[in-house]
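**Q** Pasting structure_39.cif below, which is mmCIF, C-alpha atoms and all ligand atoms.
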data_protein
loop_
_atom_site.label_atom_id
_atom_site.label_comp_id
_atom_site.auth_asym_id
_atom_site.auth_seq_id
_atom_site.Cartn_x
_atom_site.Cartn_y
_atom_site.Cartn_z
CA MET A 769 -65.67 -28.99 -82.29
CA ILE A 770 -62.74 -30.68 -80.55
CA LYS A 771 -63.44 -33.22 -77.86
CA VAL A 772 -60.89 -34.40 -75.31
CA ASP A 773 -62.41 -37.46 -73.72
CA ASN A 774 -61.05 -38.97 -70.51
CA VAL A 775 -57.43 -38.28 -71.50
CA SER A 776 -54.54 -39.25 -69.25
CA LYS A 777 -50.84 -38.88 -70.03
CA ASN A 778 -47.98 -40.64 -68.29
CA TYR A 779 -44.28 -39.87 -68.62
CA GLY A 780 -42.82 -43.18 -67.39
CA SER A 781 -44.38 -43.77 -63.98
CA PHE A 782 -45.38 -40.09 -63.55
CA THR A 783 -48.93 -39.13 -64.48
CA ALA A 784 -48.88 -35.58 -65.89
CA LEU A 785 -52.60 -35.53 -66.85
CA HIS A 786 -55.41 -37.35 -65.04
CA SER A 787 -58.70 -38.08 -66.90
CA ILE A 788 -59.09 -34.76 -68.71
CA ASP A 789 -62.46 -33.97 -70.34
CA LEU A 790 -62.68 -30.82 -72.43
CA GLU A 791 -64.73 -29.52 -75.35
CA ILE A 792 -63.48 -26.72 -77.57
CA GLY A 793 -66.32 -25.20 -79.55
CA ASP A 794 -66.05 -23.79 -83.05
CA GLY A 795 -64.45 -20.32 -82.83
CA GLU A 796 -64.10 -20.49 -79.06
CA PHE A 797 -61.19 -18.75 -77.29
CA ILE A 798 -60.04 -20.92 -74.40
CA ALA A 799 -57.31 -20.06 -71.90
CA VAL A 800 -55.62 -22.91 -70.06
CA LEU A 801 -54.45 -21.48 -66.76
CA GLY A 802 -52.45 -23.08 -63.99
CA PRO A 803 -49.19 -23.01 -62.03
CA SER A 804 -45.89 -24.28 -63.39
CA GLY A 805 -45.85 -28.04 -63.92
CA CYS A 806 -49.64 -28.52 -63.80
CA GLY A 807 -49.72 -30.06 -67.29
CA LYS A 808 -50.68 -27.14 -69.58
CA THR A 809 -47.98 -27.77 -72.18
CA THR A 810 -48.64 -31.51 -72.06
CA LEU A 811 -52.30 -30.84 -72.93
CA LEU A 812 -51.26 -28.53 -75.77
CA LYS A 813 -48.81 -31.11 -77.17
CA LEU A 814 -51.59 -33.70 -77.19
CA LEU A 815 -53.91 -31.29 -79.01
CA ALA A 816 -51.15 -30.59 -81.55
CA GLY A 817 -50.35 -34.25 -82.14
CA PHE A 818 -46.70 -34.13 -80.98
CA MET A 819 -47.50 -37.16 -78.83
CA GLY A 820 -50.43 -39.40 -78.00
CA PRO A 821 -52.41 -39.92 -74.79
CA THR A 822 -51.78 -42.89 -72.51
CA GLU A 823 -55.53 -43.29 -72.18
CA GLY A 824 -58.61 -41.66 -73.70
CA THR A 825 -59.26 -40.05 -77.08
CA ILE A 826 -59.11 -36.68 -78.83
CA SER A 827 -61.42 -36.07 -81.77
CA MET A 828 -62.31 -33.21 -84.10
CA ASP A 829 -65.95 -33.25 -85.20
CA ASP A 830 -66.35 -36.98 -85.83
CA THR A 831 -62.73 -37.72 -86.78
CA LEU A 832 -60.48 -39.46 -84.28
CA LEU A 833 -57.24 -37.44 -83.92
CA ALA A 834 -55.54 -39.44 -81.20
CA SER A 835 -55.87 -42.44 -78.94
CA ALA A 836 -53.33 -44.60 -77.09
CA LYS A 837 -52.91 -46.63 -80.31
CA ARG A 838 -52.94 -44.02 -83.06
CA VAL A 839 -51.93 -40.36 -83.42
CA LEU A 840 -52.62 -38.17 -86.45
CA PRO A 841 -49.36 -36.16 -86.84
CA PRO A 842 -49.41 -32.32 -86.59
CA GLU A 843 -48.83 -31.76 -90.33
CA LYS A 844 -52.02 -33.67 -91.13
CA ARG A 845 -54.10 -31.55 -88.74
CA ASN A 846 -55.44 -28.15 -89.61
CA ILE A 847 -53.73 -26.38 -86.70
CA GLY A 848 -51.41 -23.40 -86.15
CA MET A 849 -48.94 -23.06 -83.28
CA VAL A 850 -47.34 -20.09 -81.55
CA PHE A 851 -44.59 -20.58 -78.97
CA GLN A 852 -43.25 -18.49 -76.12
CA SER A 853 -39.82 -18.28 -77.78
CA PHE A 854 -41.30 -17.17 -81.16
CA ALA A 855 -39.20 -19.92 -82.85
CA LEU A 856 -38.51 -17.83 -85.95
CA TRP A 857 -36.08 -18.94 -88.65
CA PRO A 858 -33.10 -16.54 -88.77
CA HIS A 859 -32.46 -17.04 -92.51
CA MET A 860 -36.04 -16.27 -93.59
CA THR A 861 -37.65 -12.87 -94.13
CA VAL A 862 -41.02 -11.96 -92.66
CA ALA A 863 -42.78 -12.73 -95.97
CA GLU A 864 -40.97 -16.09 -96.23
CA HIS A 865 -42.15 -17.02 -92.73
CA ILE A 866 -45.73 -16.56 -93.92
CA LYS A 867 -45.14 -18.30 -97.25
CA PHE A 868 -43.48 -21.40 -95.79
CA PRO A 869 -46.49 -22.94 -94.00
CA LEU A 870 -48.65 -22.14 -97.01
CA SER A 871 -46.65 -24.70 -98.96
CA TYR A 872 -46.78 -27.66 -96.55
CA HIS A 873 -49.97 -27.22 -94.52
CA PRO A 874 -53.15 -29.23 -95.35
CA ASN A 875 -54.62 -25.93 -96.66
CA LYS A 876 -51.57 -25.28 -98.86
CA ILE A 877 -51.54 -22.91 -101.84
CA LYS A 878 -49.39 -24.05 -104.78
CA GLU A 879 -46.17 -22.17 -105.65
CA GLY A 880 -46.62 -19.69 -108.49
CA LYS A 881 -50.32 -19.11 -107.86
CA LYS A 882 -51.50 -15.52 -107.69
CA GLU A 883 -53.44 -16.38 -104.54
CA LEU A 884 -50.17 -17.13 -102.72
CA GLN A 885 -48.90 -13.54 -102.88
CA GLU A 886 -52.41 -12.26 -102.16
CA ARG A 887 -52.63 -14.37 -99.03
CA ILE A 888 -49.16 -13.27 -97.88
CA ASN A 889 -50.15 -9.60 -98.32
CA GLU A 890 -53.46 -10.16 -96.56
CA VAL A 891 -51.76 -11.76 -93.53
CA LEU A 892 -49.03 -9.09 -93.42
CA LYS A 893 -51.76 -6.46 -93.30
CA LEU A 894 -53.70 -8.33 -90.61
CA VAL A 895 -50.71 -8.31 -88.24
CA GLY A 896 -49.55 -4.81 -89.26
CA LEU A 897 -46.24 -5.85 -90.83
CA ASN A 898 -46.82 -4.69 -94.44
CA ALA A 899 -43.78 -2.43 -94.30
CA MET A 900 -41.49 -5.16 -92.96
CA ALA A 901 -42.03 -7.99 -95.45
CA ASP A 902 -38.35 -8.16 -96.43
CA ARG A 903 -36.80 -7.88 -92.99
CA TYR A 904 -35.08 -10.74 -91.19
CA PRO A 905 -35.90 -11.63 -87.53
CA SER A 906 -32.67 -9.96 -86.30
CA GLU A 907 -34.02 -6.66 -87.69
CA LEU A 908 -37.28 -6.82 -85.69
CA SER A 909 -38.36 -5.82 -82.16
CA GLY A 910 -39.83 -8.39 -79.71
CA GLY A 911 -43.41 -7.37 -80.50
CA GLN A 912 -42.76 -7.53 -84.25
CA LYS A 913 -41.21 -10.99 -83.89
CA GLN A 914 -44.28 -12.17 -82.03
CA ARG A 915 -46.45 -10.77 -84.84
CA VAL A 916 -44.43 -12.81 -87.36
CA ALA A 917 -45.00 -15.94 -85.25
CA LEU A 918 -48.74 -15.18 -85.21
CA ALA A 919 -48.79 -14.45 -88.94
CA ARG A 920 -47.04 -17.75 -89.71
CA ALA A 921 -49.56 -19.64 -87.59
CA ILE A 922 -52.70 -18.05 -89.05
CA ALA A 923 -51.58 -17.90 -92.69
CA PRO A 924 -52.99 -21.31 -93.73
CA LEU A 925 -56.37 -20.55 -92.06
CA PRO A 926 -56.17 -23.21 -89.33
CA ASN A 927 -59.31 -24.33 -87.50
CA LEU A 928 -57.40 -24.44 -84.27
CA LEU A 929 -54.65 -22.12 -83.05
CA LEU A 930 -52.53 -23.39 -80.16
CA MET A 931 -50.56 -20.79 -78.24
CA ASP A 932 -48.08 -21.71 -75.50
CA GLU A 933 -47.43 -18.65 -73.30
CA PRO A 934 -47.10 -16.55 -76.45
CA LEU A 935 -46.67 -13.24 -74.65
CA SER A 936 -44.40 -14.12 -71.76
CA ALA A 937 -41.20 -13.00 -73.51
CA LEU A 938 -42.62 -9.48 -73.96
CA ASP A 939 -42.55 -6.55 -71.53
CA VAL A 940 -45.74 -5.49 -69.71
CA GLU A 941 -46.76 -2.66 -72.10
CA LEU A 942 -46.30 -4.82 -75.15
CA ARG A 943 -48.16 -7.74 -73.59
CA MET A 944 -51.22 -5.54 -73.09
CA GLU A 945 -51.03 -4.39 -76.69
CA MET A 946 -50.51 -7.90 -78.06
CA ARG A 947 -53.49 -9.20 -76.04
CA LYS A 948 -55.69 -6.86 -78.05
CA GLU A 949 -53.98 -7.90 -81.28
CA ILE A 950 -54.70 -11.55 -80.51
CA GLN A 951 -58.34 -10.75 -79.67
CA LYS A 952 -58.61 -8.88 -82.97
CA LEU A 953 -57.04 -11.79 -84.86
CA HIS A 954 -59.50 -14.12 -83.18
CA ARG A 955 -62.43 -11.98 -84.31
CA GLU A 956 -61.10 -11.81 -87.85
CA THR A 957 -59.91 -15.39 -88.38
CA LYS A 958 -62.72 -17.08 -86.38
CA ALA A 959 -60.31 -19.93 -85.52
CA SER A 960 -60.72 -21.72 -82.19
CA ILE A 961 -57.87 -20.74 -79.88
CA VAL A 962 -56.30 -22.60 -76.98
CA PHE A 963 -54.05 -20.13 -75.17
CA VAL A 964 -51.80 -21.46 -72.39
CA THR A 965 -50.79 -19.04 -69.66
CA HIS A 966 -49.88 -18.99 -65.98
CA ASP A 967 -50.97 -15.34 -65.76
CA GLN A 968 -54.48 -15.14 -64.32
CA GLY A 969 -54.96 -11.50 -65.37
CA GLU A 970 -54.15 -12.46 -68.94
CA ALA A 971 -56.59 -15.38 -68.90
CA LEU A 972 -59.40 -13.26 -67.41
CA ALA A 973 -58.80 -10.51 -69.96
CA ILE A 974 -58.54 -12.51 -73.13
CA ALA A 975 -60.60 -15.71 -73.09
CA ASP A 976 -64.25 -16.70 -73.59
CA LYS A 977 -63.70 -19.64 -71.30
CA ILE A 978 -60.93 -20.52 -68.82
CA VAL A 979 -59.76 -24.02 -67.96
CA VAL A 980 -58.04 -23.95 -64.56
CA MET A 981 -55.59 -26.81 -64.05
CA ASN A 982 -53.79 -28.00 -60.94
CA GLN A 983 -51.49 -31.03 -60.64
CA GLY A 984 -52.64 -32.61 -63.88
CA ARG A 985 -56.37 -32.19 -63.17
CA ILE A 986 -58.99 -29.71 -64.29
CA GLU A 987 -60.30 -27.77 -61.29
CA GLN A 988 -62.97 -25.75 -63.11
CA ILE A 989 -64.00 -24.68 -66.61
CA ALA A 990 -65.99 -21.44 -66.80
CA PRO A 991 -66.21 -18.02 -68.46
CA PRO A 992 -63.93 -15.43 -66.74
CA GLU A 993 -66.63 -13.67 -64.75
CA ILE A 994 -68.18 -16.89 -63.46
CA LEU A 995 -64.75 -18.20 -62.50
CA TYR A 996 -64.01 -15.04 -60.50
CA THR A 997 -67.40 -14.71 -58.82
CA ARG A 998 -68.25 -18.40 -58.40
CA PRO A 999 -65.05 -20.39 -57.98
CA GLU A 1000 -65.85 -24.01 -57.23
CA THR A 1001 -62.72 -24.96 -55.34
CA GLU A 1002 -60.43 -23.31 -52.86
CA PHE A 1003 -57.60 -23.58 -55.39
CA VAL A 1004 -59.57 -21.63 -58.00
CA ALA A 1005 -60.68 -19.01 -55.45
CA THR A 1006 -57.10 -18.25 -54.46
CA PHE A 1007 -55.31 -18.82 -57.79
CA VAL A 1008 -57.66 -16.66 -59.86
CA GLY A 1009 -57.54 -13.28 -58.13
CA LYS A 1010 -56.88 -12.74 -54.44
CA CYS A 1011 -59.36 -14.17 -51.96
CA ASN A 1012 -59.62 -13.90 -48.17
CA LEU A 1013 -60.66 -17.24 -46.70
CA VAL A 1014 -62.31 -16.13 -43.47
CA LYS A 1015 -62.72 -18.82 -40.81
CA GLY A 1016 -65.94 -19.12 -38.85
CA GLN A 1017 -69.18 -21.02 -38.43
CA TRP A 1018 -72.21 -21.55 -40.59
CA GLN A 1019 -75.35 -21.09 -38.49
CA ASN A 1020 -79.02 -20.84 -39.38
CA ALA A 1021 -78.91 -17.10 -40.00
CA GLY A 1022 -75.68 -17.06 -42.01
CA PHE A 1023 -71.96 -17.01 -41.33
CA VAL A 1024 -70.42 -15.93 -38.01
CA PRO A 1025 -66.72 -15.09 -38.41
CA ALA A 1026 -64.57 -16.72 -35.73
CA ILE A 1027 -62.97 -13.41 -34.91
CA ASP A 1028 -66.16 -11.67 -33.76
CA SER A 1029 -69.33 -13.53 -32.87
CA LYS A 1030 -71.43 -10.30 -32.83
CA ASN A 1031 -71.31 -10.24 -36.62
CA VAL A 1032 -73.45 -12.37 -38.88
CA TRP A 1033 -72.61 -12.24 -42.56
CA PRO A 1034 -75.18 -12.97 -45.25
CA ASP A 1035 -76.21 -16.53 -45.93
CA LEU A 1036 -74.88 -17.47 -49.37
CA GLY A 1037 -77.86 -19.77 -49.79
CA VAL A 1038 -75.95 -22.61 -48.18
CA ALA A 1039 -76.41 -22.13 -44.40
CA GLU A 1040 -79.23 -24.70 -44.46
CA SER A 1041 -76.95 -27.45 -45.73
CA PHE A 1042 -73.62 -26.36 -44.21
CA LYS A 1043 -73.68 -26.19 -40.44
CA GLY A 1044 -70.59 -25.87 -38.31
CA ASN A 1045 -67.03 -24.83 -39.10
CA GLY A 1046 -66.54 -23.27 -42.47
CA ILE A 1047 -64.81 -20.76 -44.69
CA TYR A 1048 -66.30 -17.59 -46.12
CA PRO A 1049 -64.52 -16.39 -49.27
CA VAL A 1050 -64.28 -12.61 -49.65
CA ARG A 1051 -62.47 -10.77 -52.44
CA PRO A 1052 -60.28 -7.84 -51.30
CA GLU A 1053 -62.59 -5.32 -53.01
CA GLN A 1054 -65.66 -6.67 -51.19
CA PHE A 1055 -64.50 -5.44 -47.78
CA GLN A 1056 -64.85 -1.90 -46.54
CA LEU A 1057 -62.63 -0.21 -43.94
CA THR A 1058 -64.09 2.27 -41.46
CA ALA A 1059 -62.88 3.98 -38.31
CA ALA A 1060 -62.66 1.40 -35.49
CA GLU A 1061 -65.49 2.74 -33.33
CA GLN A 1062 -68.05 1.86 -36.00
CA ASP A 1063 -69.68 -1.55 -36.48
CA GLY A 1064 -67.86 -4.48 -37.99
CA VAL A 1065 -65.02 -6.82 -37.23
CA GLN A 1066 -62.02 -4.96 -35.76
CA GLY A 1067 -58.46 -5.19 -37.00
CA ILE A 1068 -55.08 -3.41 -37.13
CA VAL A 1069 -53.56 -2.17 -40.38
CA SER A 1070 -50.07 -3.64 -40.86
CA PHE A 1071 -49.16 -2.56 -44.40
CA VAL A 1072 -50.42 0.06 -46.84
CA GLN A 1073 -49.52 -0.04 -50.53
CA TYR A 1074 -50.48 2.80 -52.85
CA GLN A 1075 -51.36 1.43 -56.30
CA GLY A 1076 -52.46 4.56 -58.14
CA HIS A 1077 -56.07 3.56 -58.77
CA GLU A 1078 -56.54 1.93 -55.36
CA ILE A 1079 -54.94 1.38 -51.97
CA HIS A 1080 -54.05 -2.15 -50.85
CA TYR A 1081 -54.23 -2.68 -47.10
CA THR A 1082 -52.97 -5.67 -45.13
CA VAL A 1083 -54.99 -5.95 -41.93
CA GLU A 1084 -54.32 -8.23 -38.96
CA VAL A 1085 -57.63 -9.57 -37.71
CA GLY A 1086 -57.02 -11.75 -34.66
CA GLU A 1087 -54.82 -14.56 -35.99
CA GLU A 1088 -55.87 -13.98 -39.59
CA THR A 1089 -54.36 -11.60 -42.13
CA TRP A 1090 -56.81 -10.07 -44.60
CA THR A 1091 -56.13 -8.21 -47.82
CA ILE A 1092 -58.45 -5.28 -48.47
CA HIS A 1093 -58.50 -3.08 -51.56
CA GLU A 1094 -60.08 0.34 -51.21
CA SER A 1095 -60.67 3.12 -53.68
CA VAL A 1096 -58.29 6.09 -53.47
CA PHE A 1097 -61.42 8.18 -52.75
CA ALA A 1098 -62.29 6.24 -49.54
CA SER A 1099 -61.02 7.22 -46.05
CA ARG A 1100 -57.28 6.59 -45.71
CA PHE A 1101 -55.58 4.60 -42.95
CA GLN A 1102 -51.97 4.15 -41.81
CA PRO A 1103 -50.03 1.17 -40.44
CA GLY A 1104 -50.97 0.78 -36.75
CA ASP A 1105 -54.51 2.20 -37.17
CA PHE A 1106 -57.41 0.29 -35.59
CA VAL A 1107 -60.11 -0.23 -38.19
CA GLY A 1108 -63.61 -1.66 -38.52
CA ILE A 1109 -64.13 -4.07 -41.41
CA SER A 1110 -67.51 -4.70 -42.98
CA LEU A 1111 -68.78 -6.30 -46.15
CA LYS A 1112 -69.46 -3.85 -48.97
CA ASN A 1113 -70.62 -6.24 -51.67
CA ALA A 1114 -72.10 -9.68 -51.79
CA PRO A 1115 -69.15 -12.01 -51.32
CA VAL A 1116 -68.14 -14.59 -53.88
CA GLN A 1117 -70.48 -17.52 -54.18
CA GLN A 1118 -68.52 -20.63 -53.63
CA LYS A 1119 -69.65 -24.21 -53.53
CA SER A 1120 -67.04 -26.25 -51.77
CA LEU A 1121 -65.30 -23.89 -49.36
CA PHE A 1122 -67.96 -23.90 -46.74
CA THR A 1123 -66.81 -26.82 -44.70
CA ARG A 1124 -63.22 -27.46 -43.80
P1 LIG A 1201 -44.86 -24.69 -67.17
O1 LIG A 1201 -45.88 -23.62 -66.91
O2 LIG A 1201 -43.73 -24.65 -66.18
O3 LIG A 1201 -44.40 -24.77 -68.60
P2 LIG A 1201 -46.77 -26.85 -67.54
O4 LIG A 1201 -48.03 -26.64 -66.78
O5 LIG A 1201 -46.79 -26.53 -68.99
O6 LIG A 1201 -45.58 -26.10 -66.82
P3 LIG A 1201 -45.93 -29.49 -68.37
O7 LIG A 1201 -44.75 -29.04 -69.17
O8 LIG A 1201 -47.11 -29.98 -69.11
O9 LIG A 1201 -46.37 -28.38 -67.31
O10 LIG A 1201 -45.43 -30.64 -67.38
C1 LIG A 1201 -46.32 -31.31 -66.51
C2 LIG A 1201 -45.50 -32.26 -65.64
O11 LIG A 1201 -44.97 -33.30 -66.44
C3 LIG A 1201 -44.33 -31.60 -64.93
O12 LIG A 1201 -44.23 -32.14 -63.63
C4 LIG A 1201 -43.13 -32.00 -65.77
O13 LIG A 1201 -41.96 -32.08 -65.00
C5 LIG A 1201 -43.56 -33.35 -66.31
N1 LIG A 1201 -42.98 -33.61 -67.66
C6 LIG A 1201 -43.17 -32.85 -68.76
N2 LIG A 1201 -42.53 -33.41 -69.82
C7 LIG A 1201 -41.95 -34.54 -69.37
C8 LIG A 1201 -41.14 -35.55 -70.00
N3 LIG A 1201 -40.85 -35.52 -71.29
N4 LIG A 1201 -40.70 -36.55 -69.21
C9 LIG A 1201 -41.00 -36.61 -67.90
N5 LIG A 1201 -41.76 -35.69 -67.25
C10 LIG A 1201 -42.21 -34.65 -67.98
#
Take the structure in the file and give it back as structure tokens.

**A**
Amino acid sequence: MIKVDNVSKNYGSFTALHSIDLEIGDGEFIAVLGPSGCGKTTLLKLLAGFMGPTEGTISMDDTLLASAKRVLPPEKRNIGMVFQSFALWPHMTVAEHIKFPLSYHPNKIKEGKKELQERINEVLKLVGLNAMADRYPSELSGGQKQRVALARAIAPLPNLLLMDEPLSALDVELRMEMRKEIQKLHRETKASIVFVTHDQGEALAIADKIVVMNQGRIEQIAPPEILYTRPETEFVATFVGKCNLVKGQWQNAGFVPAIDSKNVWPDLGVAESFKGNGIYPVRPEQFQLTAAEQDGVQGIVSFVQYQGHEIHYTVEVGEETWTIHESVFASRFQPGDFVGISLKNAPVQQKSLFTR
């Protein structure tokens, strides 16, 4: 178990991380998600031991790894790292990339031991590169290079695998494939993983738990489904998936959208405590479009985008613009059509959006 306790990091007078608290359980797969510059790489560098915190501590089980006074260097920690740029060595073959960390890592295997070749073969097999052991990086595709980077990181059986945007240099198809490979590696190696990404789809798909960061602070830590259905801040609601933030009023019976006072939307269990102006968060797939003469809030379709599996509508509703995703099997509408909009599913539960 790794514990990040009240960690802050300054670069000169700029504070890149503010009082971060985080626990990484044994074998847990954590995605750190956030926009560019929010401090993801800084957090990863602190976990690796490339630098120390300005304040706070990082410990593994009961051992102190870093404080403002003392930092255990990366080579003394049982960690593996994978970078966005692969960072392969041009003069080393695939097998040599796997062998190298096995000779300097805390879990090293001595040169000449039978186990060394066995471990190299085992890792090559795990990442599907058995046939490429003698190739150099220049003779590999992007996906194969990324597999070498993964193989090098997992070879010494690290407790903790740190990955900094490991898939962003790959094309979309290959990213999808490599996500599964990484999930498989996680199952087989049982190492804890901290996976940095700015791609929310990737974080939702791959992790047990997502840490959402914004401007050097943690906004929320939760499993993917909880994060999507119960975001705790407006930032999380809009950064993780699309979310319509409908303006209106909380009243005793529920929420009355500003655009049409004849409608009352279900109480999210908060109407009692939140009276007055508020926001009602609705995911695009939770709205339903109908012909305008039926019940519901009325709007005008401004854009229609065909996506294959669904249709994405942009609808002007008074002064607001809502995004609505409908199944390809639902009634179709065109730009300029008047439509009725109702709620199809229970909207997202959200703690702090209700007053604004
Ligand atoms: P990206 O997704 O773009 O890689 P990030 O979330 O990983 O961003 P960091 O690299 O951790 O962000 O940087 C966090 C903030 O700290 C940024 O504002 C960055 O400009 C600043 N920063 C990072 N390294 C240094 C440094 N060595 N000196 C000064 N400021 C730095």

**Q** Could I get the residue neighbourhood of ligand LIG 1201 (chain A) at 10 Å, counting all atoms listed in the file, as a ChimeraX atom specification?

**A** /A:777-785,800-814,852,932-933,964-967,981-984

**Q** Neighbourhood query: residues within 10 Å of (-54.2, -28.7, -86.3), file coordinates, counting only C-alpha atoms; return as a PyMOL selection string.

**A** chain A and resi 815-817+828+833+840-849+873-874+926-930

**Q** So which residues are close to (-53.9, -1.5, -38.3), meaning at most 9 Å away in the file's coordinates with only C-alpha atoms counted, and can you show them as a list in words?

**A**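 Checked against the point, the hits come out as Gly1067, Ile1068, Val1069, Ser1070, Phe1071, Tyr1081, Thr1082, Val1083, Glu1084, Val1085, Phe1101, Gln1102, Pro1103, Gly1104, Asp1105, Phe1106 and Val1107 of chain A.
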
**Q** Compare A:Asp830, A:Glu1087, A:Glu1094, A:Glu883 by their minimum atom-to-atom distance to Pro1052 of chain A, counting only C-alpha atoms, and give me the closest one.

**A**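 Checking each candidate against Pro1052 of chain A, we get A:Glu1094 as the closest.
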
**Q** Any idea what's packed within 10 Å of Thr825 of chain A, counting only C-alpha atoms, ignoring anything in its chain fewer than 6 positions away? Could you give it as a PyMOL selection string?

**A** chain A and resi 771-776+788-789+814+832-839

**Q** Using atom CA of Gly1022 of chain A and atom CA of Pro1034 of chain A as the two end points, give the distance in Å to one decimal.

**A**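 Straight-line distance from atom CA of Gly1022 of chain A to atom CA of Pro1034 of chain A works out to 5.2 Å.
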
**Q** Go through A:Phe1007, A:Phe854, A:Tyr904, A:Phe797 one by one, measure the shortest atom-to-atom distance of each to Pro934 of chain A using all atoms listed in the file, and give the residue with the smallest value.

**A** A:Phe854

**Q** State, in Å with one decimal place, the distance from atom CA of Gln968 of chain A to atom CA of Ala1005 of chain A.

**A**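 These atoms are spaced 11.5 Å apart.
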
**Q** Reconstruct N, CA and C atoms of segment 947-965 of chain A; output as a compact mmCIF listing (two decimals), in the coordinates of the input.

**A**
# COMPACT_ATOMS: atom_id res chain seq x y z
N ARG A 947 -52.23 -8.54 -76.42
CA ARG A 947 -53.49 -9.20 -76.04
C ARG A 947 -54.61 -8.73 -76.96
N LYS A 948 -54.63 -7.41 -77.18
CA LYS A 948 -55.69 -6.86 -78.05
C LYS A 948 -55.52 -7.36 -79.47
N GLU A 949 -54.25 -7.42 -79.91
CA GLU A 949 -53.98 -7.90 -81.28
C GLU A 949 -54.51 -9.33 -81.44
N ILE A 950 -54.28 -10.14 -80.43
CA ILE A 950 -54.70 -11.55 -80.51
C ILE A 950 -56.23 -11.62 -80.49
N GLN A 951 -56.87 -10.76 -79.68
CA GLN A 951 -58.34 -10.75 -79.67
C GLN A 951 -58.87 -10.33 -81.04
N LYS A 952 -58.18 -9.36 -81.65
CA LYS A 952 -58.61 -8.88 -82.97
C LYS A 952 -58.44 -10.00 -84.01
N LEU A 953 -57.28 -10.68 -83.94
CA LEU A 953 -57.04 -11.79 -84.86
C LEU A 953 -58.11 -12.87 -84.70
N HIS A 954 -58.49 -13.12 -83.45
CA HIS A 954 -59.50 -14.12 -83.18
C HIS A 954 -60.82 -13.73 -83.84
N ARG A 955 -61.18 -12.45 -83.69
CA ARG A 955 -62.43 -11.98 -84.31
C ARG A 955 -62.37 -12.13 -85.82
N GLU A 956 -61.18 -11.81 -86.40
CA GLU A 956 -61.10 -11.81 -87.85
C GLU A 956 -60.89 -13.19 -88.47
N THR A 957 -60.17 -14.08 -87.77
CA THR A 957 -59.91 -15.39 -88.38
C THR A 957 -61.00 -16.41 -88.00
N LYS A 958 -61.67 -16.18 -86.88
CA LYS A 958 -62.72 -17.08 -86.38
C LYS A 958 -62.20 -18.49 -86.05
N ALA A 959 -60.87 -18.62 -85.90
CA ALA A 959 -60.31 -19.93 -85.52
C ALA A 959 -60.59 -20.15 -84.03
N SER A 960 -60.67 -21.42 -83.63
CA SER A 960 -60.72 -21.72 -82.19
C SER A 960 -59.31 -21.51 -81.66
N ILE A 961 -59.20 -20.99 -80.45
CA ILE A 961 -57.87 -20.74 -79.88
C ILE A 961 -57.75 -21.43 -78.52
N VAL A 962 -56.63 -22.11 -78.33
CA VAL A 962 -56.30 -22.60 -76.98
C VAL A 962 -55.02 -21.87 -76.59
N PHE A 963 -55.10 -21.07 -75.56
CA PHE A 963 -54.05 -20.13 -75.17
C PHE A 963 -53.56 -20.51 -73.77
N VAL A 964 -52.33 -21.03 -73.70
CA VAL A 964 -51.80 -21.46 -72.39
C VAL A 964 -51.12 -20.29 -71.68
N THR A 965 -51.44 -20.10 -70.43
CA THR A 965 -50.79 -19.04 -69.66
C THR A 965 -50.77 -19.41 -68.18
